[in-house]
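Below you'll find the structure, written out as structure tokens, and then a few comments.
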Amino acid sequence: MLTSNIFIMESKKTNTSIKRLMVSAFLIVFIGLAQTAKAAVFIQDQTDQQSYTQYSGEVVDTQSKDPLVFASLSLDGTNISTVTNTEGKFSLKVPKDIIDGNLTVSFLGYKTTVIALNLLEEDKNRILLEVLVTELPEVNITAPKDAESLVRETLKRKGENYFNESTVMTAFYRETIKKRRTNVSLSEAVVNIYKSPYSSDRKDAMELYRARKSTDYSRLDTLALKLQGGPFNTLYVDVMKYPEYIFTDETISDYLFSFENSTRIDGHLIYVVNFRQRSDIEEPLYKGKLFIDAEKKILTSAVFSLNITDKDKAAALFVRKKPADVRVWPTDVAYRVDYREKNGKWYYGYSNVLLEFKVDWKHRFFNSTYTLTSEMAVTDWEKNLTQDKLTNREKIKTSMILGDEASGFSDPDFWGAYNIIEPEKSIQSAIKKIQRQLEKSKTPDGQAEAKNQGAFRITSN
């Protein structure tokens, strides 16, 4: 299962090692944080609030009115975009000098809709999306007898449908921590993923190529969260590589699977499979949608969330240590993974993790809400023909905290003019801004330079 831990303790040196492999977010909360630390990277946030208009609302299914998790919203002709949370809600900041334009709203399996920006209110917008219905073809496709059988067959075919060779991938990673709606900590990194074949049980390894962070300690009050695990949080959402964290041979029977209306993506017929835990299962499991290629039985995307029916049981998945006067529990935990195809084989391309927590102090009138998001996108890959492996010194650990590894503007020559972390813009926009540096990182000179500067651990003076 995709489990996580929260450690809440007094502000002092602590051992962040873990005894077992954790997946998703590993959190450490420090209380009594010093207020003197300075941020070296600028966060484009509430400080320039007057120059932005913030639109908020929700995206829901037209018929059921169910929220659509990780629906995409993007302003045409710009790099401004966002995604909805597990309640289908969104918040989008647009410069005030942009008064015209179209907002494109899309979600897998639904008809894309376009809304004129000047028709939006600043809040309480409700955007309805219609299911994209596709008739099943009469020939060439053999319809599965039931949804669970289709899922089982898809998992069994990972060796033939996905990369079956070792590869080295370059990926861009970003993590954000918000207190209520305010960004308080941002980190970005370029990582190299040494990905083992999908047919192999060997875990993937990663090294840190470049990283930087921004933390506004003045907005953290007396509580600061650090995301432990870094890029591993998103890497382990690769359901086809790590199905054991959701669907093991033993736990797959704990779910009910059903077909939704089929759809088409890039001309391919896609089965949409809903899954949810059985009512007699008490432990929090998952609910969501699987998008499976009808012809070749390939998982192309998955969107799912933790079924929080009992917040105390859900908290037990995350909380390991805390002061007696603090109560912490998750309110939203959601995941998304998308796969890409190259020469008939599929591979991990993008993933997103969203976690929201309530922190309740016994002697305070108001509680605090913290939202943590992390996402990673593969920008390039090549076959690992020489079977190069990372040394233990080069590998980043699953217990790493990116904010501690990246200090300020690490290597300003690499980040160049891209000197502001802009969380309201898409990760694809960030990639475009450093594309030349990313391409340089694939050359022998660039790789040698990274090794010399300590690619696995970036610090600054």
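Residue names in the structure tokens use chain letters A, B, ... in the order shown, residue numbers from 1 in each chain, and ligand numbers from 1 in the order shown.
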Once you count only C-alpha atoms, what closest atom pair and distance in Å to one decimal does each residue of stretch 268-367 of chain A within 10 Å of stretch 181-200 of chain A have, with rows by chain and rising residue number, as CSV?
```
residue,atom,partner,partner_atom,distance
A:Trp346,CA,A:Tyr198,CA,9.9
A:Tyr347,CA,A:Tyr198,CA,8.7
A:Tyr348,CA,A:Lys195,CA,9.7
```
Next, the residues of the selection above should be written as a compact mmCIF listing (two decimals), in the first residue's frame with N, CA and C atoms.
```txt
# COMPACT_ATOMS: atom_id res chain seq x y z
N TRP A 346 5.57 1.19 -23.89
CA TRP A 346 5.11 2.25 -23.01
C TRP A 346 6.05 2.42 -21.82
N TYR A 347 6.05 3.64 -21.25
CA TYR A 347 6.92 3.90 -20.11
C TYR A 347 6.33 5.03 -19.27
N TYR A 348 6.79 5.12 -18.04
CA TYR A 348 6.37 6.17 -17.10
C TYR A 348 6.74 7.54 -17.65
```
Please provide as an MDAnalysis selection string all residues within 10 Å of A:Val83, with the sequence filter that same-chain residues fewer than 5 positions apart are discarded (counting only C-alpha atoms).
chainID A and resid 59 68:74 88:92 105:107 424 426
Close residues, A:Asn79 itself excluded, 12 Å, only C-alpha atoms, min 3 positions apart in chain, as a ChimeraX atom specification:
/A:73-76,82,92-95,103,422-433
Restrict the selected residues to N, CA and C atoms and save them as a CSV table (one decimal), in the first residue's frame.
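Here's the written file selection-v5.csv:
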```
chain,number,residue,atom,x,y,z
A,73,LEU,N,-6.7,22.6,-16.2
A,73,LEU,CA,-7.2,23.9,-16.6
A,73,LEU,C,-6.0,24.7,-17.1
A,74,SER,N,-6.1,25.3,-18.3
A,74,SER,CA,-5.0,26.0,-18.9
A,74,SER,C,-5.5,27.2,-19.7
A,75,LEU,N,-4.8,28.3,-19.6
A,75,LEU,CA,-5.2,29.5,-20.3
A,75,LEU,C,-4.5,29.5,-21.7
A,76,ASP,N,-5.3,29.4,-22.7
A,76,ASP,CA,-4.8,29.3,-24.1
A,76,ASP,C,-3.8,30.4,-24.4
A,82,THR,N,-3.3,24.9,-14.1
A,82,THR,CA,-3.5,24.3,-12.8
A,82,THR,C,-4.2,23.0,-12.9
A,92,LEU,N,-6.7,29.5,-9.8
A,92,LEU,CA,-5.8,29.8,-10.9
A,92,LEU,C,-5.5,31.3,-10.8
A,93,LYS,N,-4.2,31.7,-10.9
A,93,LYS,CA,-3.8,33.1,-10.8
A,93,LYS,C,-3.5,33.6,-12.3
A,94,VAL,N,-4.1,34.7,-12.7
A,94,VAL,CA,-3.9,35.2,-14.0
A,94,VAL,C,-3.5,36.7,-13.9
A,95,PRO,N,-2.4,37.1,-14.5
A,95,PRO,CA,-2.0,38.5,-14.5
A,95,PRO,C,-3.2,39.4,-14.9
A,103,LEU,N,-10.2,29.7,-21.4
A,103,LEU,CA,-9.7,28.7,-20.5
A,103,LEU,C,-10.1,27.3,-21.0
A,422,GLU,N,7.7,29.5,-10.1
A,422,GLU,CA,6.3,29.9,-10.4
A,422,GLU,C,5.4,28.7,-10.3
A,423,PRO,N,4.8,28.5,-9.1
A,423,PRO,CA,4.0,27.3,-8.9
A,423,PRO,C,2.7,27.3,-9.7
A,424,GLU,N,2.2,28.5,-10.1
A,424,GLU,CA,0.9,28.6,-10.8
A,424,GLU,C,1.1,28.2,-12.2
A,425,LYS,N,2.3,28.1,-12.7
A,425,LYS,CA,2.6,27.7,-14.1
A,425,LYS,C,2.9,26.2,-14.1
A,426,SER,N,2.6,25.6,-15.3
A,426,SER,CA,2.8,24.2,-15.4
A,426,SER,C,4.2,23.7,-15.3
A,427,ILE,N,4.4,22.5,-15.0
A,427,ILE,CA,5.7,21.9,-14.9
A,427,ILE,C,6.4,21.9,-16.3
A,428,GLN,N,5.5,21.7,-17.3
A,428,GLN,CA,6.0,21.8,-18.7
A,428,GLN,C,6.6,23.1,-19.0
A,429,SER,N,6.0,24.2,-18.5
A,429,SER,CA,6.5,25.5,-18.7
A,429,SER,C,7.9,25.7,-18.1
A,430,ALA,N,8.1,25.1,-16.9
A,430,ALA,CA,9.4,25.2,-16.2
A,430,ALA,C,10.5,24.4,-17.0
A,431,ILE,N,10.0,23.3,-17.6
A,431,ILE,CA,11.0,22.5,-18.4
A,431,ILE,C,11.4,23.2,-19.6
A,432,LYS,N,10.5,23.9,-20.3
A,432,LYS,CA,10.8,24.7,-21.5
A,432,LYS,C,11.9,25.8,-21.2
A,433,LYS,N,11.8,26.4,-20.0
A,433,LYS,CA,12.7,27.4,-19.6
A,433,LYS,C,14.1,27.0,-19.4
```
Just list the residues in stretch 102-336 of chain A DSSP gives strand (DSSP E or B) on the backbone, as a VMD selection string.
chain A and resid 102 to 106 110 113 to 116 125 to 129 131 162 167 to 179 182 to 195 205 to 215 223 to 228 255 to 265 268 to 277 286 to 293 298 to 306 319 to 321 326 to 336
Find, counting only C-alpha atoms, the residue in A:Tyr110, A:Trp329, A:Tyr271, A:Phe232 that gets nearest to A:Lys296.
A:Tyr271
Residue nearest A:Tyr173 among A:Arg364, A:Thr263, A:Ser374, A:Asp310 (counting only C-alpha atoms):
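Between A:Arg364, A:Thr263, A:Ser374, A:Asp310, the residue approaching A:Tyr173 most closely is A:Ser374.
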